[in-house]
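> Below you'll find entry_35.cif; it's mmCIF, C-alpha atoms.
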```
data_work
loop_
_atom_site.label_atom_id
_atom_site.label_comp_id
_atom_site.auth_asym_id
_atom_site.auth_seq_id
_atom_site.Cartn_x
_atom_site.Cartn_y
_atom_site.Cartn_z
CA MET A 1 38.47 -7.76 -4.77
CA ILE A 2 37.53 -4.07 -4.42
CA LYS A 3 37.56 -2.22 -7.73
CA PRO A 4 36.77 1.40 -8.61
CA VAL A 5 33.40 1.97 -10.31
CA ALA A 6 33.26 4.56 -13.12
CA LEU A 7 31.24 7.53 -11.83
CA PRO A 8 28.59 7.33 -14.60
CA HIS A 9 27.90 3.77 -13.36
CA ALA A 10 27.73 4.74 -9.69
CA CYS A 11 23.94 5.08 -9.60
CA ARG A 12 23.56 1.48 -10.73
CA LEU A 13 24.79 0.51 -7.28
CA LEU A 14 21.59 1.99 -5.80
CA ASN A 15 19.19 1.44 -8.69
CA HIS A 16 17.55 -1.68 -7.23
CA GLY A 17 16.75 -0.08 -3.89
CA PRO A 18 19.12 -1.65 -1.36
CA THR A 19 19.33 -0.53 2.25
CA VAL A 20 22.50 1.53 2.77
CA LEU A 21 24.78 2.46 5.64
CA VAL A 22 25.39 6.21 5.94
CA GLY A 23 28.87 7.03 7.22
CA SER A 24 29.84 10.43 8.58
CA ALA A 25 32.64 12.14 10.49
CA HIS A 26 33.53 15.61 11.71
CA GLY A 27 35.72 17.16 14.38
CA GLY A 28 36.86 13.88 15.92
CA LEU A 29 33.38 12.33 15.97
CA ARG A 30 32.19 9.68 13.53
CA ASN A 31 29.02 7.64 13.06
CA VAL A 32 27.26 5.07 10.91
CA MET A 33 23.52 4.46 10.56
CA ALA A 34 21.32 2.32 8.31
CA ALA A 35 18.95 4.01 5.87
CA ALA A 36 16.33 2.24 3.82
CA TRP A 37 15.32 5.48 2.11
CA SER A 38 17.76 6.48 -0.59
CA MET A 39 17.69 6.71 -4.36
CA PRO A 40 19.67 8.01 -7.31
CA VAL A 41 18.32 11.22 -8.84
CA GLU A 42 20.68 11.62 -11.81
CA PHE A 43 23.13 9.37 -13.65
CA ASP A 44 25.67 11.89 -14.90
CA PRO A 45 26.79 13.75 -12.91
CA PRO A 46 25.87 11.02 -10.43
CA ARG A 47 23.61 12.39 -7.74
CA VAL A 48 21.65 10.75 -4.97
CA ALA A 49 19.07 11.59 -2.33
CA VAL A 50 18.95 10.03 1.13
CA VAL A 51 16.61 10.63 4.05
CA ILE A 52 18.51 11.40 7.28
CA ASP A 53 16.40 12.36 10.29
CA LYS A 54 17.33 15.82 11.56
CA ARG A 55 17.42 14.52 15.16
CA THR A 56 20.33 12.14 14.48
CA LEU A 57 24.05 12.48 15.11
CA THR A 58 24.59 11.49 11.49
CA ARG A 59 22.66 14.51 10.26
CA GLU A 60 24.68 16.79 12.50
CA LEU A 61 27.98 15.38 11.21
CA VAL A 62 26.84 15.46 7.56
CA THR A 63 25.83 19.10 7.82
CA ALA A 64 29.07 20.03 9.58
CA SER A 65 31.43 18.16 7.23
CA GLY A 66 29.53 18.73 3.98
CA GLY A 67 29.70 15.09 2.99
CA PHE A 68 28.61 11.52 3.69
CA THR A 69 29.33 8.02 2.54
CA LEU A 70 26.97 5.25 1.47
CA SER A 71 28.17 1.69 2.02
CA ILE A 72 25.92 -1.03 0.61
CA PRO A 73 25.67 -3.90 3.07
CA CYS A 74 25.11 -7.53 2.18
CA HIS A 75 23.92 -10.69 3.80
CA GLN A 76 27.20 -11.27 5.63
CA VAL A 77 26.69 -8.05 7.66
CA LEU A 78 22.95 -8.50 8.21
CA ASP A 79 22.91 -8.16 12.00
CA LEU A 80 25.33 -5.26 11.96
CA THR A 81 23.11 -3.44 9.46
CA TYR A 82 20.06 -3.81 11.66
CA THR A 83 22.01 -2.90 14.77
CA VAL A 84 23.40 0.40 13.46
CA GLY A 85 19.88 1.24 12.29
CA SER A 86 18.41 0.53 15.73
CA VAL A 87 20.95 2.17 18.03
CA GLY A 88 21.49 5.97 17.97
CA GLY A 89 25.06 7.24 17.96
CA ALA A 90 24.42 9.94 20.55
CA GLU A 91 22.49 7.54 22.83
CA LEU A 92 25.28 4.96 22.62
CA ALA A 93 27.91 7.55 23.55
CA ALA A 94 25.79 8.69 26.50
CA SER A 95 24.95 5.21 27.82
CA ALA A 96 27.85 2.91 26.98
CA GLY A 97 30.51 5.39 25.87
CA GLY A 98 32.49 5.34 22.64
CA ASP A 99 31.10 5.20 19.12
CA LYS A 100 29.51 2.43 17.09
CA PHE A 101 32.79 1.60 15.35
CA GLU A 102 34.41 0.83 18.70
CA ARG A 103 31.49 -0.78 20.47
CA TYR A 104 30.50 -3.07 17.59
CA ARG A 105 34.08 -3.56 16.31
CA ILE A 106 33.20 -2.17 12.89
CA ASP A 107 35.98 -2.36 10.37
CA ALA A 108 36.10 0.99 8.53
CA PHE A 109 38.42 2.50 5.93
CA ASP A 110 38.78 6.03 4.60
CA GLY A 111 37.15 7.09 1.37
CA PRO A 112 39.72 8.05 -1.28
CA VAL A 113 38.36 11.56 -2.00
CA LEU A 114 36.70 12.88 1.15
CA GLY A 115 38.39 10.66 3.72
CA LEU A 116 35.02 9.81 5.30
CA PRO A 117 34.44 6.34 6.78
CA LEU A 118 33.46 3.44 4.52
CA ILE A 119 32.23 0.22 6.17
CA GLY A 120 34.08 -3.06 5.77
CA GLY A 121 32.16 -6.25 4.95
CA CYS A 122 29.89 -4.35 2.57
CA VAL A 123 29.85 -4.84 -1.21
CA ALA A 124 29.87 -1.28 -2.58
CA TRP A 125 30.90 2.16 -1.36
CA LEU A 126 30.14 5.71 -2.46
CA GLU A 127 31.47 9.01 -1.18
CA CYS A 128 29.10 11.95 -1.65
CA ARG A 129 29.59 15.68 -1.34
CA LEU A 130 26.47 17.20 0.23
CA ILE A 131 24.60 19.55 -2.10
CA PRO A 132 23.13 21.97 0.44
CA GLU A 133 19.35 22.24 0.00
CA ARG A 134 18.11 23.79 3.20
CA HIS A 135 14.40 23.59 2.39
CA THR A 136 14.21 19.89 1.48
CA GLU A 137 16.55 19.01 4.35
CA ASP A 138 14.18 20.82 6.73
CA ALA A 139 10.84 19.81 5.23
CA TYR A 140 11.53 16.19 4.21
CA ASP A 141 14.83 15.28 5.88
CA THR A 142 15.98 14.67 2.32
CA CYS A 143 19.68 15.33 1.67
CA PHE A 144 21.05 15.51 -1.87
CA GLY A 145 24.61 14.57 -2.68
CA GLU A 146 26.97 14.31 -5.62
CA VAL A 147 28.91 11.06 -5.85
CA VAL A 148 32.65 11.75 -5.96
CA SER A 149 33.98 8.20 -5.63
CA ALA A 150 32.55 4.73 -6.09
CA GLN A 151 33.93 1.26 -5.49
CA ALA A 152 32.49 -2.25 -5.45
CA ASP A 153 33.39 -5.84 -4.64
CA ALA A 154 34.04 -7.35 -8.07
CA ARG A 155 32.71 -10.72 -6.92
CA VAL A 156 29.16 -9.29 -7.06
CA PHE A 157 29.40 -6.02 -9.06
CA ASP A 158 31.74 -5.80 -12.02
CA GLU A 159 31.88 -3.99 -15.36
CA GLY A 160 28.92 -1.86 -14.28
CA HIS A 161 26.59 -4.75 -13.41
CA TRP A 162 25.36 -6.60 -10.35
CA SER A 163 25.51 -10.37 -10.52
CA PHE A 164 23.48 -12.15 -7.84
CA ARG A 165 24.16 -15.87 -8.08
CA ASP A 166 23.79 -18.93 -5.89
CA ASP A 167 27.55 -19.04 -5.37
CA ASN A 168 27.77 -15.50 -3.95
CA SER A 169 24.62 -15.31 -1.82
CA GLU A 170 26.52 -13.96 1.20
CA LEU A 171 27.25 -10.89 -0.94
CA HIS A 172 23.66 -10.15 -1.99
CA THR A 173 22.27 -6.76 -1.01
CA LEU A 174 19.66 -6.26 1.73
CA HIS A 175 16.26 -4.63 1.32
CA HIS A 176 14.57 -3.71 4.59
CA LEU A 177 10.90 -4.64 4.90
CA GLY A 178 10.53 -3.29 8.45
CA GLY A 179 11.20 -4.58 11.97
CA GLY A 180 14.47 -6.25 11.07
CA HIS A 181 12.95 -8.29 8.27
CA PHE A 182 15.03 -8.04 5.14
CA ALA A 183 14.45 -9.37 1.65
CA TRP A 184 17.38 -10.22 -0.53
CA PRO A 185 17.42 -10.45 -4.30
CA ALA A 186 18.35 -14.08 -4.67
CA ARG A 187 17.01 -14.27 -8.22
CA MET A 188 17.63 -12.31 -11.40
CA VAL A 189 15.56 -12.26 -14.54
CA GLN A 190 15.82 -10.56 -17.95
CA ALA A 191 12.72 -8.71 -19.22
CA ARG A 192 11.88 -8.08 -22.88
CA VAL A 193 10.13 -5.16 -24.54
CA LEU A 194 6.65 -6.16 -25.74
CA PRO A 195 5.59 -5.40 -29.31
CA VAL A 196 2.98 -2.67 -29.81
CA GLY A 197 -0.42 -4.39 -30.04
CA MET B 198 -7.69 -10.14 -2.79
CA ILE B 199 -7.16 -6.36 -2.83
CA LYS B 200 -7.35 -4.80 0.64
CA PRO B 201 -6.91 -1.21 1.82
CA VAL B 202 -3.63 -0.46 3.60
CA ALA B 203 -3.71 1.89 6.60
CA LEU B 204 -2.01 5.15 5.60
CA PRO B 205 0.66 4.97 8.35
CA HIS B 206 1.70 1.62 6.80
CA ALA B 207 1.75 2.91 3.22
CA CYS B 208 5.49 3.63 3.19
CA ARG B 209 6.24 0.00 4.01
CA LEU B 210 5.09 -0.79 0.49
CA LEU B 211 8.12 1.11 -0.86
CA ASN B 212 10.59 0.56 1.98
CA HIS B 213 12.53 -2.25 0.27
CA GLY B 214 13.15 -0.28 -2.93
CA PRO B 215 10.93 -1.86 -5.58
CA THR B 216 10.59 -0.47 -9.09
CA VAL B 217 7.22 1.31 -9.44
CA LEU B 218 4.85 2.25 -12.24
CA VAL B 219 3.87 5.92 -12.21
CA GLY B 220 0.32 6.51 -13.44
CA SER B 221 -0.99 9.90 -14.52
CA ALA B 222 -3.95 11.49 -16.29
CA HIS B 223 -5.17 14.94 -17.20
CA GLY B 224 -7.51 16.49 -19.75
CA GLY B 225 -8.34 13.25 -21.57
CA LEU B 226 -4.72 12.06 -21.72
CA ARG B 227 -3.25 9.34 -19.51
CA ASN B 228 0.08 7.59 -19.21
CA VAL B 229 2.10 5.04 -17.28
CA MET B 230 5.88 4.77 -16.96
CA ALA B 231 8.29 2.68 -14.89
CA ALA B 232 10.49 4.38 -12.31
CA ALA B 233 13.31 2.70 -10.40
CA TRP B 234 13.99 5.87 -8.42
CA SER B 235 11.47 6.40 -5.66
CA MET B 236 11.54 6.30 -1.87
CA PRO B 237 9.45 7.14 1.18
CA VAL B 238 10.48 10.33 2.98
CA GLU B 239 8.09 10.24 5.94
CA PHE B 240 5.90 7.60 7.59
CA ASP B 241 3.12 9.75 9.04
CA PRO B 242 1.82 11.66 7.21
CA PRO B 243 2.99 9.26 4.50
CA ARG B 244 5.09 11.08 1.95
CA VAL B 245 7.19 9.86 -0.95
CA ALA B 246 9.66 11.18 -3.50
CA VAL B 247 9.92 9.94 -7.08
CA VAL B 248 12.18 11.01 -9.93
CA ILE B 249 10.21 11.87 -13.07
CA ASP B 250 12.20 13.29 -15.98
CA LYS B 251 10.94 16.73 -16.96
CA ARG B 252 10.94 15.76 -20.65
CA THR B 253 8.29 13.04 -20.20
CA LEU B 254 4.56 13.05 -20.82
CA THR B 255 4.12 11.72 -17.29
CA ARG B 256 5.75 14.79 -15.81
CA GLU B 257 3.50 17.06 -17.86
CA LEU B 258 0.38 15.22 -16.69
CA VAL B 259 1.51 15.09 -13.05
CA THR B 260 2.15 18.82 -13.00
CA ALA B 261 -1.17 19.57 -14.68
CA SER B 262 -3.32 17.28 -12.51
CA GLY B 263 -1.47 17.77 -9.22
CA GLY B 264 -1.28 14.04 -8.53
CA PHE B 265 0.15 10.68 -9.52
CA THR B 266 -0.21 7.03 -8.68
CA LEU B 267 2.41 4.43 -7.83
CA SER B 268 1.57 0.84 -8.70
CA ILE B 269 4.08 -1.76 -7.52
CA PRO B 270 4.62 -4.37 -10.20
CA CYS B 271 5.53 -7.99 -9.62
CA HIS B 272 7.03 -10.87 -11.51
CA GLN B 273 3.81 -11.61 -13.39
CA VAL B 274 3.99 -8.19 -15.14
CA LEU B 275 7.76 -8.22 -15.71
CA ASP B 276 7.75 -7.57 -19.46
CA LEU B 277 5.05 -4.92 -19.19
CA THR B 278 7.09 -3.11 -16.53
CA TYR B 279 10.16 -2.99 -18.74
CA THR B 280 8.11 -2.02 -21.77
CA VAL B 281 6.39 1.00 -20.20
CA GLY B 282 9.81 2.07 -18.94
CA SER B 283 11.34 1.83 -22.41
CA VAL B 284 8.64 3.40 -24.60
CA GLY B 285 7.74 7.09 -24.22
CA GLY B 286 4.04 8.01 -24.12
CA ALA B 287 4.42 10.96 -26.47
CA GLU B 288 6.57 8.98 -28.91
CA LEU B 289 4.05 6.12 -28.94
CA ALA B 290 1.16 8.50 -29.66
CA ALA B 291 3.15 10.11 -32.50
CA SER B 292 4.33 6.85 -34.09
CA ALA B 293 1.67 4.21 -33.49
CA GLY B 294 -1.23 6.31 -32.17
CA GLY B 295 -3.17 5.76 -28.97
CA ASP B 296 -1.76 5.49 -25.45
CA LYS B 297 0.11 2.71 -23.66
CA PHE B 298 -3.08 1.43 -22.02
CA GLU B 299 -4.63 0.78 -25.44
CA ARG B 300 -1.58 -0.39 -27.31
CA TYR B 301 -0.34 -2.79 -24.63
CA ARG B 302 -3.83 -3.76 -23.41
CA ILE B 303 -3.09 -2.58 -19.89
CA ASP B 304 -5.82 -3.24 -17.40
CA ALA B 305 -6.28 -0.08 -15.28
CA PHE B 306 -8.71 0.96 -12.57
CA ASP B 307 -9.43 4.30 -10.96
CA GLY B 308 -7.90 5.24 -7.63
CA PRO B 309 -10.54 5.74 -4.91
CA VAL B 310 -9.53 9.28 -3.89
CA LEU B 311 -8.01 11.02 -6.91
CA GLY B 312 -9.49 8.88 -9.69
CA LEU B 313 -6.06 8.49 -11.30
CA PRO B 314 -5.14 5.24 -13.07
CA LEU B 315 -3.87 2.26 -11.07
CA ILE B 316 -2.33 -0.66 -12.97
CA GLY B 317 -3.85 -4.14 -12.88
CA GLY B 318 -1.63 -7.17 -12.31
CA CYS B 319 0.46 -5.27 -9.78
CA VAL B 320 0.56 -6.08 -6.04
CA ALA B 321 0.19 -2.67 -4.38
CA TRP B 322 -1.16 0.74 -5.29
CA LEU B 323 -0.77 4.25 -3.89
CA GLU B 324 -2.43 7.50 -4.90
CA CYS B 325 -0.38 10.61 -4.19
CA ARG B 326 -1.20 14.28 -4.17
CA LEU B 327 1.74 16.23 -5.59
CA ILE B 328 3.39 18.55 -3.06
CA PRO B 329 4.60 21.31 -5.37
CA GLU B 330 8.32 21.92 -4.91
CA ARG B 331 9.39 23.84 -7.97
CA HIS B 332 13.09 23.93 -7.16
CA THR B 333 13.66 20.20 -6.57
CA GLU B 334 11.41 19.35 -9.52
CA ASP B 335 13.57 21.57 -11.73
CA ALA B 336 17.00 20.77 -10.29
CA TYR B 337 16.70 17.04 -9.58
CA ASP B 338 13.48 15.93 -11.35
CA THR B 339 12.42 14.93 -7.84
CA CYS B 340 8.69 15.17 -7.16
CA PHE B 341 7.31 14.91 -3.63
CA GLY B 342 3.84 13.55 -2.92
CA GLU B 343 1.55 12.82 -0.01
CA VAL B 344 -0.05 9.39 -0.07
CA VAL B 345 -3.85 9.69 0.09
CA SER B 346 -4.82 6.07 -0.54
CA ALA B 347 -3.05 2.72 -0.39
CA GLN B 348 -4.08 -0.81 -1.27
CA ALA B 349 -2.31 -4.14 -1.61
CA ASP B 350 -2.84 -7.71 -2.73
CA ALA B 351 -3.32 -9.57 0.55
CA ARG B 352 -1.65 -12.69 -0.87
CA VAL B 353 1.71 -10.93 -0.59
CA PHE B 354 1.16 -7.87 1.68
CA ASP B 355 -1.17 -8.13 4.65
CA GLU B 356 -1.47 -6.65 8.12
CA GLY B 357 1.25 -4.15 7.25
CA HIS B 358 3.87 -6.71 6.14
CA TRP B 359 5.26 -8.15 2.92
CA SER B 360 5.46 -11.92 2.78
CA PHE B 361 7.66 -13.24 -0.04
CA ARG B 362 7.35 -17.03 -0.12
CA ASP B 363 8.03 -19.84 -2.56
CA ASP B 364 4.28 -20.28 -3.11
CA ASN B 365 3.70 -16.65 -4.22
CA SER B 366 6.81 -15.99 -6.32
CA GLU B 367 4.78 -14.58 -9.21
CA LEU B 368 3.75 -11.79 -6.82
CA HIS B 369 7.25 -10.80 -5.69
CA THR B 370 8.29 -7.22 -6.38
CA LEU B 371 10.83 -6.23 -9.06
CA HIS B 372 14.07 -4.32 -8.48
CA HIS B 373 15.63 -2.96 -11.65
CA LEU B 374 19.38 -3.50 -12.05
CA GLY B 375 19.58 -1.82 -15.47
CA GLY B 376 19.05 -2.86 -19.08
CA GLY B 377 15.95 -4.91 -18.34
CA HIS B 378 17.70 -7.03 -15.73
CA PHE B 379 15.61 -7.27 -12.59
CA ALA B 380 16.33 -8.81 -9.22
CA TRP B 381 13.51 -10.14 -7.12
CA PRO B 382 13.52 -10.69 -3.38
CA ALA B 383 12.97 -14.41 -3.34
CA ARG B 384 14.33 -14.78 0.20
CA MET B 385 13.52 -13.16 3.53
CA VAL B 386 15.58 -13.16 6.67
CA GLN B 387 15.18 -11.80 10.20
CA ALA B 388 18.05 -9.78 11.63
CA ARG B 389 18.88 -9.38 15.33
CA VAL B 390 20.31 -6.46 17.25
CA LEU B 391 23.89 -7.20 18.38
CA PRO B 392 24.89 -6.64 22.00
CA VAL B 393 27.21 -3.73 22.74
CA GLY B 394 30.76 -5.10 22.82
#
```
Represent the structure of the file as structure tokens.

Amino acid sequence: MIKPVALPHACRLLNHGPTVLVGSAHGGLRNVMAAAWSMPVEFDPPRVAVVIDKRTLTRELVTASGGFTLSIPCHQVLDLTYTVGSVGGAELAASAGGDKFERYRIDAFDGPVLGLPLIGGCVAWLECRLIPERHTEDAYDTCFGEVVSAQADARVFDEGHWSFRDDNSELHTLHHLGGGHFAWPARMVQARVLPVG
Amino acid sequence: MIKPVALPHACRLLNHGPTVLVGSAHGGLRNVMAAAWSMPVEFDPPRVAVVIDKRTLTRELVTASGGFTLSIPCHQVLDLTYTVGSVGGAELAASAGGDKFERYRIDAFDGPVLGLPLIGGCVAWLECRLIPERHTEDAYDTCFGEVVSAQADARVFDEGHWSFRDDNSELHTLHHLGGGHFAWPARMVQARVLPVG
């Protein structure tokens, strides 16, 4: 059910503020972490910003490889999302050995353009080429990227639009409130433009 | 029901990716616009990033005053949120006269630190001092700010936590999917950390 998403529609995947999983790999190492802090910054060319703490393994791999992936998790991978946001990749390797993919049996597949890891069980996937911005990376841990591929599970995102319904609630995106509490957008509503008074 | 929020908790207001209303004022002019693209970048000191198109009146006022506000709208101001995101402040003044506050009868109140406009009917409010970053403002329309005051409606955010329940659904935050379609986080769930396999 995975379909490509046209690049000018890629930012719609992030528009409503879901928590994402940041995937990275370089020189035989790979990692995945959860990030609640990401946003689009431009539709076309599609560009995003994501906050990645400079003390993390992810940040090291992103800087070294010049790219990262964003996988958008859903209700069916709730515990995994919280887990990869709570456990550091370097700490895991030091204490238990191996990486998160091995130790949590995470199903990953390679992105079509950069070959970086995308996370199975999610509902949308973006590959991003890092746009080096040394100052904002240093001062705000904010990394900019240009989206070079986008895909989504057509059962919940198709023809450029999310569709959150009662019959696909396991595929709804997750929005982290803090401490492992997540909200999920179980309802949709259409707004109208008010007339000038 | 409006209570102050401790500054180290201010970023929790934005953590789950809600659409925000950006308020601004300078030299007798004021404006409000919707923005789907914002995120925290640091908990303490609390800092945020928000994308504000350089062609907007809001951007002009933010640059001139050195500050902006973020009001977090909820279901009860759904149409207003979409409207102030669809109608430009400068265009409205040129065509119909007046500003959005007058023409859409928007109830605003002054922020306690910067005196910038906060929007009534919302559920949380932040005042931010602009951190001037000329390059990212130019290249990505991304404006950084330090949060200097935070408040929330205690019926839905209290003691540092959101509480989205069936009995306060009118106060749930809005998450823009595009084209006036909004999702709202009608459900909450607690995740657990998985054991290492």
> Find the residue from A:Pro132, A:Pro195, A:Pro46, A:Pro40 that sits nearest to Ala64 in chain A; use all atoms listed in the file when measuring.
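Distance minimum relative to Ala64 in chain A lands on A:Pro132.
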> Could you state which residues are captured by the PyMOL selection byres ((chain B and resi 328) around 7) in this file, as number ranges by chain?
B: 326-327, 329-330, 341-343
> Just to be explicit: take each residue in the selection above, keep C-alpha atoms, and write the result as a PDB file, in the frame of the given file.

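The result, stored in out.pdb:
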```pdb
ATOM      1  CA  ARG B 326      -1.200  14.280  -4.170  1.00  0.00           C
ATOM      2  CA  LEU B 327       1.740  16.230  -5.590  1.00  0.00           C
ATOM      3  CA  PRO B 329       4.600  21.310  -5.370  1.00  0.00           C
ATOM      4  CA  GLU B 330       8.320  21.920  -4.910  1.00  0.00           C
ATOM      5  CA  PHE B 341       7.310  14.910  -3.630  1.00  0.00           C
ATOM      6  CA  GLY B 342       3.840  13.550  -2.920  1.00  0.00           C
ATOM      7  CA  GLU B 343       1.550  12.820  -0.010  1.00  0.00           C
TER       8      GLU B 343
END
```
> For this file, the PyMOL selection byres ((chain B) within 6 of (chain A)) selects which residues, as a list in words?
Asn212, His213, Gly214, Trp234, Met236, Asp276, Thr280, Arg300, Tyr301, His372, His373, Leu374, Gly377, His378, Phe379, Ala380, Trp381, Pro382, Ala383, Arg384, Met385, Val386, Gln387, Ala388, Arg389, Val390, Leu391, Val393 and Gly394 of chain B
> Report the distance between CA of Leu116 in chain A and CA of Glu170 in chain A in Å, rounded to one decimal place.
25.6 Å
> To one decimal place, how far is CA of Pro201 in chain B from CA of Asp350 in chain B in Å?
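Distance between the two atoms: 8.9 Å.
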> Which polymer residues, protein or nucleic acid, are no farther than 8 Å from (33.5, 9.2, -3.2), counting all atoms listed in the file, as a PyMOL selection string?
chain A and resi 69+111-114+125-129+147-150
> Using only C-alpha atoms, determine which residues lie at most 6 Å from Ile269 in chain B, disregarding the query and same-chain residues fewer than 4 positions distant; provide the list as an NGL selection string.
:B and (217 or 319-321)
> So the first atom is CA of Arg165 in chain A and the second is CA of Val22 in chain A; what is the distance between them in Å, to one decimal place?
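Pair CA of Arg165 in chain A / CA of Val22 in chain A returns 26.2 Å.
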> Carefully work through the PyMOL selection byres ((chain B and resi 205) around 6) for this structure and note down the residues it includes, as a PyMOL selection string.
chain B and resi 203-204+206-207+240-241
> Write a file of the selected residues as a PDB file, in the coordinates of the input, keeping C-alpha atoms.

```pdb
ATOM      1  CA  ALA B 203      -3.710   1.890   6.600  1.00  0.00           C
ATOM      2  CA  LEU B 204      -2.010   5.150   5.600  1.00  0.00           C
ATOM      3  CA  HIS B 206       1.700   1.620   6.800  1.00  0.00           C
ATOM      4  CA  ALA B 207       1.750   2.910   3.220  1.00  0.00           C
ATOM      5  CA  PHE B 240       5.900   7.600   7.590  1.00  0.00           C
ATOM      6  CA  ASP B 241       3.120   9.750   9.040  1.00  0.00           C
TER       7      ASP B 241
END
```
> Report as a PDB file with C-alpha atoms, in the coordinates of the input all protein, DNA and RNA residues lying within 10 Å of Gly285 in chain B, evaluated on all atoms listed in the file, omitting residues in the same chain fewer than 5 positions from it.

```pdb
ATOM      1  CA  ASN B 228       0.080   7.590 -19.210  1.00  0.00           C
ATOM      2  CA  VAL B 229       2.100   5.040 -17.280  1.00  0.00           C
ATOM      3  CA  MET B 230       5.880   4.770 -16.960  1.00  0.00           C
ATOM      4  CA  ARG B 252      10.940  15.760 -20.650  1.00  0.00           C
ATOM      5  CA  THR B 253       8.290  13.040 -20.200  1.00  0.00           C
ATOM      6  CA  LEU B 254       4.560  13.050 -20.820  1.00  0.00           C
ATOM      7  CA  THR B 255       4.120  11.720 -17.290  1.00  0.00           C
ATOM      8  CA  THR B 280       8.110  -2.020 -21.770  1.00  0.00           C
ATOM      9  CA  ALA B 290       1.160   8.500 -29.660  1.00  0.00           C
ATOM     10  CA  ALA B 291       3.150  10.110 -32.500  1.00  0.00           C
ATOM     11  CA  ASP B 296      -1.760   5.490 -25.450  1.00  0.00           C
ATOM     12  CA  LYS B 297       0.110   2.710 -23.660  1.00  0.00           C
TER      13      LYS B 297
END
```
